file structure20.csv (CSV, C-alpha atoms and all ligand atoms)
chain,number,residue,atom,x,y,z
Z,1,MET,CA,29.2,3.4,42.6
Z,2,HIS,CA,27.2,0.2,42.7
Z,3,ARG,CA,24.5,1.9,40.7
Z,4,LEU,CA,27.0,2.9,38.2
Z,5,ILE,CA,28.3,-0.6,37.8
Z,6,THR,CA,24.9,-2.1,37.5
Z,7,LEU,CA,23.8,0.6,35.1
Z,8,LEU,CA,26.9,-0.2,32.9
Z,9,VAL,CA,26.0,-3.8,33.0
Z,10,VAL,CA,22.6,-3.0,31.6
Z,11,LEU,CA,23.8,-0.4,29.1
Z,12,LEU,CA,26.9,-1.9,27.7
Z,13,PRO,CA,25.1,-4.4,25.4
Z,14,LEU,CA,22.9,-1.7,24.1
Z,15,ILE,CA,25.8,0.6,23.5
Z,16,SER,CA,27.7,-2.1,21.7
Z,17,LEU,CA,24.7,-2.7,19.4
Z,18,GLY,CA,24.5,1.0,18.7
Z,19,GLN,CA,28.1,1.2,17.5
Z,20,ALA,CA,27.7,-1.6,15.0
Z,21,THR,CA,29.9,-1.3,11.9
Z,22,THR,CA,30.2,-3.7,9.0
Z,23,PRO,CA,32.5,-6.6,9.7
Z,24,PRO,CA,35.6,-6.9,7.5
Z,25,ALA,CA,35.1,-9.1,4.5
Z,26,ALA,CA,36.4,-12.6,4.9
Z,27,ALA,CA,36.7,-15.5,2.5
Z,28,ALA,CA,34.0,-18.2,2.6
Z,29,LEU,CA,35.0,-21.5,4.1
Z,30,ASP,CA,34.9,-24.4,1.7
Z,31,ALA,CA,31.8,-26.6,2.1
Z,32,SER,CA,33.4,-29.4,4.2
Z,33,ARG,CA,35.0,-26.9,6.7
Z,34,CYS,CA,31.6,-25.2,6.9
Z,35,ALA,CA,30.0,-28.5,7.6
Z,36,VAL,CA,32.4,-29.2,10.4
Z,37,LYS,CA,32.0,-25.8,12.0
Z,38,LEU,CA,28.2,-26.1,11.8
Z,39,SER,CA,28.0,-29.6,13.2
Z,40,VAL,CA,30.4,-28.9,16.1
Z,41,ALA,CA,28.6,-25.7,17.0
Z,42,LEU,CA,25.2,-27.2,17.0
Z,43,THR,CA,25.8,-30.8,18.2
Z,44,GLY,CA,29.3,-30.9,19.6
Z,45,ARG,CA,30.1,-33.7,17.1
Z,46,SER,CA,31.8,-34.0,13.8
Z,47,PRO,CA,29.4,-34.0,10.8
Z,48,ASP,CA,27.9,-37.2,9.4
Z,49,ALA,CA,28.8,-38.3,5.9
Z,50,ALA,CA,25.8,-36.7,4.3
Z,51,LEU,CA,26.4,-33.3,5.9
Z,52,LEU,CA,30.1,-33.5,5.1
Z,53,ALA,CA,29.3,-34.2,1.4
Z,54,SER,CA,26.7,-31.4,1.2
Z,55,SER,CA,27.6,-28.6,-1.2
Z,56,ASN,CA,25.6,-26.2,1.0
Z,57,PRO,CA,25.8,-27.4,4.6
Z,58,GLN,CA,23.9,-24.3,5.9
Z,59,SER,CA,20.8,-25.7,4.1
Z,60,GLN,CA,20.9,-28.5,6.7
Z,61,VAL,CA,20.6,-26.1,9.7
Z,62,ASP,CA,16.8,-26.8,10.3
Z,63,ALA,CA,17.4,-30.6,10.2
Z,64,LEU,CA,20.3,-30.3,12.7
Z,65,LEU,CA,18.0,-28.2,15.0
Z,66,GLN,CA,15.5,-31.0,15.1
Z,67,GLY,CA,18.1,-33.6,16.2
Z,68,THR,CA,18.5,-34.9,19.8
Z,69,ALA,CA,22.2,-34.1,19.7
Z,70,PHE,CA,21.5,-30.4,19.3
Z,71,ILE,CA,18.6,-30.4,21.8
Z,72,GLU,CA,20.7,-32.2,24.5
Z,73,ARG,CA,23.7,-29.9,24.0
Z,74,PHE,CA,21.6,-26.8,24.0
Z,75,SER,CA,19.6,-27.8,27.1
Z,76,ARG,CA,22.9,-28.4,29.0
Z,77,PHE,CA,24.2,-25.1,27.8
Z,78,VAL,CA,21.1,-23.2,29.1
Z,79,ASN,CA,21.3,-25.0,32.4
Z,80,ALA,CA,24.9,-23.9,32.9
Z,81,ARG,CA,24.0,-20.4,31.9
Z,82,PHE,CA,20.9,-20.0,34.1
Z,83,ASN,CA,22.6,-21.5,37.2
Z,84,ASP,CA,25.9,-20.8,38.8
Z,85,GLU,CA,26.6,-24.5,39.4
Z,86,PRO,CA,24.9,-27.8,38.8
Z,87,GLY,CA,22.0,-28.7,41.0
Z,88,ALA,CA,22.5,-31.1,44.0
Z,89,THR,CA,20.0,-33.4,42.3
Z,90,SER,CA,18.7,-33.6,38.8
Z,91,VAL,CA,15.3,-32.2,39.6
Z,92,GLU,CA,17.0,-29.0,40.9
Z,93,ASP,CA,18.2,-28.5,37.3
Z,94,ALA,CA,14.6,-27.7,36.2
Z,95,THR,CA,16.0,-25.4,33.5
Z,96,TYR,CA,17.7,-28.4,31.8
Z,97,HIS,CA,14.5,-30.5,31.9
Z,98,LEU,CA,12.2,-27.9,30.7
Z,99,ALA,CA,14.6,-26.6,28.0
Z,100,ARG,CA,14.7,-30.1,26.6
Z,101,HIS,CA,10.9,-30.3,26.6
Z,102,VAL,CA,10.5,-26.8,25.0
Z,103,MET,CA,13.1,-27.5,22.3
Z,104,THR,CA,11.8,-30.9,21.5
Z,105,ASN,CA,8.3,-29.6,21.0
Z,106,ARG,CA,9.5,-26.4,19.3
Z,107,LEU,CA,7.5,-24.4,21.8
Z,108,PRO,CA,8.0,-20.6,22.1
Z,109,TRP,CA,11.0,-19.9,24.3
Z,110,SER,CA,8.7,-17.8,26.6
Z,111,ASP,CA,7.1,-21.2,27.7
Z,112,MET,CA,10.3,-21.7,29.7
Z,113,PHE,CA,9.1,-18.9,32.0
Z,114,LEU,CA,5.3,-18.8,31.5
Z,115,GLY,CA,4.2,-22.2,30.2
Z,116,SER,CA,1.8,-24.4,32.1
Z,117,PHE,CA,4.4,-26.8,33.4
Z,118,ARG,CA,6.1,-28.1,36.5
Z,119,VAL,CA,9.3,-30.1,36.8
Z,120,GLU,CA,9.1,-32.8,39.4
Z,121,THR,CA,10.3,-36.3,40.4
Z,122,ALA,CA,7.8,-39.1,40.1
Z,123,ASN,CA,8.7,-42.8,40.3
Z,124,ASN,CA,12.4,-41.8,40.6
Z,125,THR,CA,12.3,-40.1,37.2
Z,126,VAL,CA,12.5,-36.3,36.7
Z,127,SER,CA,9.7,-35.2,34.3
Z,128,VAL,CA,8.0,-32.2,33.0
Z,129,VAL,CA,4.3,-32.4,33.8
Z,130,SER,CA,1.4,-30.1,32.7
Z,131,ASP,CA,0.2,-27.8,35.4
Z,132,ALA,CA,-2.5,-25.2,34.9
Z,133,ASP,CA,-0.9,-23.3,37.8
Z,134,GLY,CA,2.7,-23.7,36.4
Z,135,LEU,CA,5.0,-20.8,35.5
Z,136,GLY,CA,7.6,-22.5,33.3
Z,137,TYR,CA,10.1,-24.0,35.7
Z,138,LEU,CA,9.7,-21.1,38.1
Z,139,ARG,CA,7.1,-22.7,40.3
Z,140,SER,CA,8.7,-26.2,40.3
Z,141,PRO,CA,9.1,-27.3,44.0
Z,142,ALA,CA,12.8,-28.3,43.9
Z,143,TRP,CA,13.7,-25.1,42.0
Z,144,LEU,CA,11.8,-22.9,44.5
Z,145,LYS,CA,13.7,-24.5,47.4
Z,146,ARG,CA,17.0,-24.3,45.7
Z,147,TYR,CA,16.7,-20.5,45.2
Z,148,ALA,CA,14.7,-19.7,48.4
Z,149,GLY,CA,17.8,-18.1,50.0
Z,150,ASN,CA,18.5,-17.5,53.7
Z,151,GLU,CA,17.2,-14.0,54.3
Z,152,GLU,CA,16.1,-13.7,58.0
Z,153,GLN,CA,12.5,-12.8,57.2
Z,154,GLY,CA,12.2,-15.3,54.4
Z,155,VAL,CA,12.4,-12.6,51.7
Z,156,LYS,CA,13.4,-14.4,48.5
Z,157,LEU,CA,16.1,-12.1,47.2
Z,158,SER,CA,17.9,-15.1,45.7
Z,159,THR,CA,14.8,-16.1,43.7
Z,160,ALA,CA,14.2,-12.5,42.6
Z,161,TYR,CA,17.7,-12.3,41.2
Z,162,ARG,CA,17.5,-15.7,39.5
Z,163,ILE,CA,14.2,-14.7,37.8
Z,164,LEU,CA,15.8,-11.4,36.6
Z,165,ASN,CA,19.0,-13.1,35.5
Z,166,ASN,CA,17.3,-15.9,33.6
Z,167,THR,CA,14.8,-13.6,31.8
Z,168,THR,CA,16.9,-10.5,31.0
Z,169,GLY,CA,20.5,-11.7,31.5
Z,170,ILE,CA,21.3,-9.0,34.1
Z,171,THR,CA,24.3,-10.1,36.1
Z,172,LEU,CA,24.9,-8.7,39.6
Z,173,THR,CA,27.5,-9.8,42.2
Z,174,ALA,CA,26.0,-10.0,45.7
Z,175,ALA,CA,27.9,-8.0,48.4
Z,176,VAL,CA,30.2,-10.0,50.6
Z,177,VAL,CA,28.7,-10.4,54.1
Z,178,VAL,CA,31.2,-9.6,56.8
Z,179,PRO,CA,30.6,-10.1,60.6
Z,180,GLY,CA,28.6,-7.2,62.0
Z,181,LEU,CA,27.1,-6.1,58.7
Z,182,ASP,CA,23.4,-5.4,59.1
Z,183,THR,CA,21.9,-7.6,56.4
Z,184,SER,CA,18.3,-6.9,57.4
Z,185,ALA,CA,15.8,-5.0,55.3
Z,186,THR,CA,16.9,-1.8,57.2
Z,187,GLY,CA,20.6,-2.6,56.5
Z,188,ARG,CA,19.8,-3.1,52.8
Z,189,ARG,CA,18.6,0.5,52.6
Z,190,ASN,CA,22.1,1.7,53.3
Z,191,ALA,CA,23.8,3.5,50.4
Z,192,ALA,CA,26.2,0.6,49.8
Z,193,CYS,CA,23.2,-1.8,49.3
Z,194,ALA,CA,20.2,0.3,48.1
Z,195,GLY,CA,21.5,0.5,44.5
Z,196,CYS,CA,20.7,-3.2,44.0
Z,197,HIS,CA,18.1,-3.7,46.8
Z,198,TYR,CA,15.8,-0.7,46.5
Z,199,ASP,CA,16.7,2.0,44.0
Z,200,SER,CA,17.0,0.4,40.6
Z,201,TRP,CA,14.6,-1.0,38.1
Z,202,PHE,CA,15.7,-4.5,39.3
Z,203,ALA,CA,15.5,-3.5,43.0
Z,204,LEU,CA,15.7,-6.9,44.6
Z,205,ASP,CA,13.8,-6.2,47.7
Z,206,LYS,CA,10.9,-4.7,45.8
Z,207,ILE,CA,10.8,-7.5,43.3
Z,208,SER,CA,10.9,-10.0,46.2
Z,209,SER,CA,7.9,-8.3,47.8
Z,210,VAL,CA,5.6,-9.7,45.1
Z,211,LEU,CA,7.0,-13.3,45.5
Z,212,THR,CA,6.0,-15.8,48.1
Z,213,ARG,CA,8.0,-15.8,51.4
Z,214,ARG,CA,10.0,-18.7,52.6
Z,215,VAL,CA,8.8,-20.1,55.9
Z,216,GLY,CA,11.2,-22.4,57.7
Z,217,THR,CA,14.4,-23.8,56.2
Z,218,GLY,CA,15.8,-27.0,54.6
Z,219,ALA,CA,13.6,-29.8,53.3
Z,220,ASN,CA,10.7,-28.6,55.5
Z,221,MET,CA,10.5,-25.1,54.1
Z,222,THR,CA,7.1,-23.9,52.9
Z,223,PHE,CA,6.0,-20.8,51.1
Z,224,ALA,CA,3.5,-18.2,52.2
Z,225,ALA,CA,1.6,-15.8,50.0
Z,226,PRO,CA,3.1,-12.3,49.6
Z,227,THR,CA,1.6,-9.6,51.9
Z,228,ALA,CA,3.0,-6.3,50.4
Z,229,GLY,CA,0.1,-5.9,48.0
Z,230,PRO,CA,0.6,-4.6,44.4
Z,231,GLN,CA,3.9,-2.8,43.6
Z,232,GLN,CA,4.9,-0.4,40.9
Z,233,LEU,CA,7.7,-2.3,39.1
Z,234,LEU,CA,9.0,-2.3,35.6
Z,235,GLY,CA,6.7,0.5,34.7
Z,236,THR,CA,3.5,-1.3,35.6
Z,237,THR,CA,1.5,-2.6,38.6
Z,238,ILE,CA,2.6,-6.1,39.7
Z,239,SER,CA,1.1,-8.3,42.4
Z,240,ASN,CA,2.6,-11.7,42.0
Z,241,ASP,CA,5.3,-13.8,40.4
Z,242,LYS,CA,3.2,-14.5,37.3
Z,243,GLU,CA,2.7,-10.8,36.6
Z,244,LEU,CA,6.3,-10.1,37.3
Z,245,VAL,CA,7.5,-12.8,34.8
Z,246,THR,CA,5.0,-11.7,32.2
Z,247,ALA,CA,6.3,-8.1,32.3
Z,248,LEU,CA,9.9,-9.4,32.1
Z,249,VAL,CA,9.2,-11.7,29.2
Z,250,ASN,CA,7.3,-8.9,27.3
Z,251,SER,CA,10.3,-6.4,27.7
Z,252,PRO,CA,12.8,-5.8,24.9
Z,253,ASP,CA,15.5,-7.0,27.4
Z,254,PHE,CA,14.0,-10.5,27.0
Z,255,ASP,CA,14.4,-10.6,23.3
Z,256,PHE,CA,17.9,-9.3,23.5
Z,257,ASN,CA,18.8,-11.9,26.0
Z,258,VAL,CA,17.5,-14.7,23.9
Z,259,CYS,CA,19.9,-13.6,21.2
Z,260,ARG,CA,22.8,-13.3,23.7
Z,261,VAL,CA,22.1,-16.8,24.8
Z,262,ALA,CA,21.9,-18.0,21.2
Z,263,PHE,CA,25.1,-16.2,20.4
Z,264,GLY,CA,26.9,-17.6,23.4
Z,265,PHE,CA,25.8,-21.1,22.3
Z,266,VAL,CA,26.8,-20.8,18.7
Z,267,TYR,CA,30.1,-18.9,19.1
Z,268,GLY,CA,31.1,-19.6,22.7
Z,269,ARG,CA,31.6,-16.0,23.4
Z,270,LYS,CA,29.8,-12.6,23.6
Z,271,GLU,CA,28.8,-10.8,20.5
Z,272,LEU,CA,31.2,-8.1,19.3
Z,273,ALA,CA,30.3,-4.5,18.5
Z,274,CYS,CA,30.8,-5.1,14.8
Z,275,GLU,CA,28.3,-8.0,14.9
Z,276,GLY,CA,25.4,-5.6,15.6
Z,277,PRO,CA,23.7,-6.3,12.2
Z,278,LEU,CA,23.9,-10.0,12.8
Z,279,PHE,CA,22.5,-9.6,16.3
Z,280,ASP,CA,19.7,-7.5,15.0
Z,281,LYS,CA,18.8,-10.2,12.4
Z,282,CYS,CA,18.6,-12.7,15.3
Z,283,VAL,CA,16.3,-10.4,17.3
Z,284,ASP,CA,14.1,-9.9,14.3
Z,285,ALA,CA,13.9,-13.6,13.6
Z,286,PHE,CA,13.1,-14.3,17.2
Z,287,ARG,CA,10.4,-11.6,17.4
Z,288,ALA,CA,8.8,-13.1,14.3
Z,289,GLU,CA,8.9,-16.8,15.3
Z,290,ARG,CA,9.3,-16.8,19.1
Z,291,THR,CA,11.3,-20.1,19.2
Z,292,MET,CA,15.0,-20.4,20.3
Z,293,GLN,CA,15.5,-22.4,17.2
Z,294,SER,CA,14.6,-19.3,15.1
Z,295,ALA,CA,17.3,-17.3,16.9
Z,296,ILE,CA,20.0,-19.9,16.5
Z,297,ALA,CA,19.0,-20.5,12.8
Z,298,ALA,CA,19.3,-16.8,12.1
Z,299,LEU,CA,22.9,-16.9,13.3
Z,300,THR,CA,24.0,-20.2,11.7
Z,301,LYS,CA,22.3,-19.6,8.4
Z,302,ASP,CA,23.9,-16.2,8.0
Z,303,SER,CA,26.7,-16.1,5.4
Z,304,SER,CA,29.1,-14.8,8.1
Z,305,PHE,CA,28.9,-18.2,9.9
Z,306,CYS,CA,30.9,-20.0,7.2
Z,307,ARG,CA,33.6,-17.4,6.8
K,401,LIG,C1,25.7,-5.2,43.1
K,401,LIG,C2,24.4,-5.4,43.6
K,401,LIG,C3,24.2,-5.7,45.1
K,401,LIG,C4,24.6,-4.9,46.1
K,401,LIG,C5,25.3,-3.5,46.1
K,401,LIG,C6,24.2,-5.6,47.4
K,401,LIG,N1,23.6,-6.7,47.0
K,401,LIG,FE1,22.7,-8.0,48.4
K,401,LIG,N2,22.2,-9.2,46.9
K,401,LIG,C7,22.5,-9.0,45.5
K,401,LIG,C8,22.2,-10.2,44.8
K,401,LIG,C9,22.3,-10.4,43.3
K,401,LIG,C10,21.6,-11.1,45.7
K,401,LIG,C11,21.1,-12.5,45.4
K,401,LIG,C12,22.3,-13.5,45.4
K,401,LIG,C13,21.9,-14.9,45.1
K,401,LIG,O1,21.4,-15.5,46.0
K,401,LIG,O2,22.1,-15.3,44.0
K,401,LIG,C14,21.6,-10.5,47.0
K,401,LIG,C15,21.2,-11.1,48.1
K,401,LIG,C16,21.3,-10.5,49.4
K,401,LIG,C17,20.8,-11.1,50.6
K,401,LIG,C18,20.0,-12.5,50.7
K,401,LIG,C19,20.9,-13.6,50.8
K,401,LIG,C20,20.2,-14.9,50.8
K,401,LIG,O3,20.8,-16.0,50.9
K,401,LIG,O4,18.9,-15.0,50.8
K,401,LIG,C21,21.0,-10.3,51.6
K,401,LIG,C22,20.7,-10.5,53.1
K,401,LIG,C23,21.7,-9.1,51.1
K,401,LIG,N3,21.9,-9.3,49.7
K,401,LIG,C24,22.2,-8.1,51.8
K,401,LIG,C25,23.0,-7.0,51.2
K,401,LIG,C26,23.5,-6.0,52.0
K,401,LIG,C27,23.5,-5.8,53.5
K,401,LIG,C28,24.2,-5.1,51.1
K,401,LIG,C29,25.0,-3.8,51.4
K,401,LIG,C30,26.1,-4.0,52.3
K,401,LIG,C31,24.0,-5.7,49.8
K,401,LIG,N4,23.2,-6.8,49.9
K,401,LIG,C32,24.4,-5.1,48.6
K,401,LIG,C33,23.1,-7.9,45.0
K,401,LIG,C34,23.6,-6.9,45.7

call {"tool": "encode", "arguments": {"input": "structure20.csv", "output": "C-alpha cells"}}
result
Amino acid sequence: MHRLITLLVVLLPLISLGQATTPPAAAALDASRCAVKLSVALTGRSPDAALLASSNPQSQVDALLQGTAFIERFSRFVNARFNDEPGATSVEDATYHLARHVMTNRLPWSDMFLGSFRVETANNTVSVVSDADGLGYLRSPAWLKRYAGNEEQGVKLSTAYRILNNTTGITLTAAVVVPGLDTSATGRRNAACAGCHYDSWFALDKISSVLTRRVGTGANMTFAAPTAGPQQLLGTTISNDKELVTALVNSPDFDFNVCRVAFGFVYGRKELACEGPLFDKCVDAFRAERTMQSAIAALTKDSSFCR
C-alpha cells in the first residue's frame, strides 16, 4: 500500500504531462493588466510606472528577473518549499541564503546542490563562502545538524529524505511512531516500513548508508564517515553524498522538479494536465540554459501568461 502511494506520488506528474491537451483559447489581457500580473508574480509588488506604461510588458521579464525584489521573493519561496518550517536561526535556512547567491550571480540551479559553497555564520552575519569541499548548501554545518534526525544508530534518514525532496520534489509522509513500535533498522524492514525504507528507488535506509552518520546529539553532535561501502542506487554505484547528489541532479526528475518549483512560484499552484506543452517549454528552456531564471522566463514570457 505504501509502495502504491509512493509510486503514485512519483508517477502522477508524469501521467499528467502525458495527457496534455491544448488549453482553451482565452482573450489576451490588456497591457496594463499584463504588467500588474507579471510584476505581482515576480516581485510581489505592483508594477513601476515604466512597466505599467509598456505596450509589451512581457519584454521586461529579463529585467525583472535581475532585480533584487524578484531574487528576494524567489529565495524565500524556495526556502519555504525546501523546508517544512522556518529554521530556528537564519543560518539553518541555508537554502534561502544560497538561493539568493545563486540567483544574484545567475549561476546554474544545480550549484544549489553541487556548487563549491558553504553557508555559515561569521562575525554574526550569515554568509555564503567558497569551499572546495562544499556541496551546495548540503554540507553546511547548521543545515547538517538541522536534518541529522534522531535515529538510534545515527542513521541520517531525515537528511536522506531532505536531499531527495529538494532535488526531485518527491514527497513522503513519515510513519507515525506509536509506543512499542520497533523503529530500529530491523523494524524498518517490516512490510509497513520497507516500501519507503528499503524497497524503492528512494529507499531511505539505503540512501542514508552512503551519508555520514550522526554521533552524539544536540549542539555537540559530530559526523562520522559512512562504513557501508559503495551501494547500488539510482541505477549506478554510489559511495558518498557527492556521488548521490550528482546522480540526482543528473536525473530527469531534477529538471522536472525545477519546472514544478518555477510553476509553483509563478502561478501559486501545481501545473494542470492541460498545461503540459507549457511545462515542456519550461523543461526545454532549463535544459538549454540551466538557470532557474530560464525556467521562470519560459513560463512568464509565454503568451498564455497574459491571458
Ligand atoms: C511513506 C513512506 C514511509 C514509510 C512507510 C515509513 N517511513 Fe520512516 N521515514 C519516512 C520519511 C520521509 C522519513 C524522514 C522524515 C523526516 O525527518 O523528514 C522517515 C524517518 C524515519 C525514522 C528516522 C526519524 C529521525 O528522526 O531520524 C525512523 C526511525 C523511521 N522512519 C521508522 C519507520 C518505521 C518503523 C516505519 C514502519 C512502521 C516507517 N518508518 C515507515 C518515510 C516513511

call {"tool": "residues_near_ligand", "arguments": {"input": "structure20.csv", "ligand": "ligand LIG 401 (chain K)", "cutoff": "8 Å", "atoms": "all atoms listed in the file", "output": "ChimeraX atom specification"}}
result
/Z:2-3,5-6,147-152,154-162,171-177,181-185,187-197,204

call {"tool": "residues_around", "arguments": {"input": "structure20.csv", "residues": "range 28-30 of chain Z", "least_positions_apart": "6", "cutoff": "9 Å", "atoms": "only C-alpha atoms", "output": "list in words"}}
result
Ser55, Ser303, Ser304, Phe305, Cys306 and Arg307 of chain Z

call {"tool": "closest_atom_pairs", "arguments": {"input": "structure20.csv", "of": "range 162-240 of chain Z", "to": "range 88-111 of chain Z", "cutoff": "12 Å", "atoms": "all atoms listed in the file", "output": "tab-separated table"}}
result
residue	atom	partner	partner_atom	distance
Z:Arg162	CA	Z:Thr95	CA	11.5
Z:Ile163	CA	Z:Thr95	CA	11.7
Z:Asn166	CA	Z:Thr95	CA	9.6
Z:Thr167	CA	Z:Ser110	CA	9.0
Z:Thr168	CA	Z:Ser110	CA	11.8

call {"tool": "residues_around", "arguments": {"input": "structure20.csv", "residues": "Leu51 in chain Z", "least_positions_apart": "4", "cutoff": "8 Å", "atoms": "only C-alpha atoms", "output": "list in words"}}
result
Ala35, Pro47, Pro57 and Gln60 of chain Z

call {"tool": "residues_around", "arguments": {"input": "structure20.csv", "residues": "Ala41 in chain Z", "least_positions_apart": "3", "cutoff": "8 Å", "atoms": "only C-alpha atoms", "output": "list in words"}}
result
Lys37, Leu38, Gly44, Phe265, Val266 and Tyr267 of chain Z

call {"tool": "atom_distance", "arguments": {"input": "structure20.csv", "atom1": "CA of Lys281 in chain Z", "atom2": "CA of Ala295 in chain Z"}}
result
8.5 Å

call {"tool": "closest_residue", "arguments": {"input": "structure20.csv", "among": "Z:Val210, Z:Ile71, Z:Leu138, Z:Cys34", "to": "Met292 in chain Z", "atoms": "all atoms listed in the file"}}
result
Z:Ile71

call {"tool": "closest_residue", "arguments": {"input": "structure20.csv", "among": "Z:Ile207, Z:Ile238, Z:Lys270, Z:Ile296", "to": "Cys282 in chain Z", "atoms": "all atoms listed in the file"}}
result
Z:Ile296

call {"tool": "atom_distance", "arguments": {"input": "structure20.csv", "atom1": "CA of Gly169 in chain Z", "atom2": "CA of Phe254 in chain Z"}}
result
8.0 Å

call {"tool": "closest_residue", "arguments": {"input": "structure20.csv", "among": "Z:Leu299, Z:Val36, Z:Val245, Z:Ala50", "to": "Glu275 in chain Z", "atoms": "only C-alpha atoms"}}
result
Z:Leu299

call {"tool": "atom_distance", "arguments": {"input": "structure20.csv", "atom1": "CA of Gly229 in chain Z", "atom2": "CA of Ala247 in chain Z"}}
result
17.0 Å
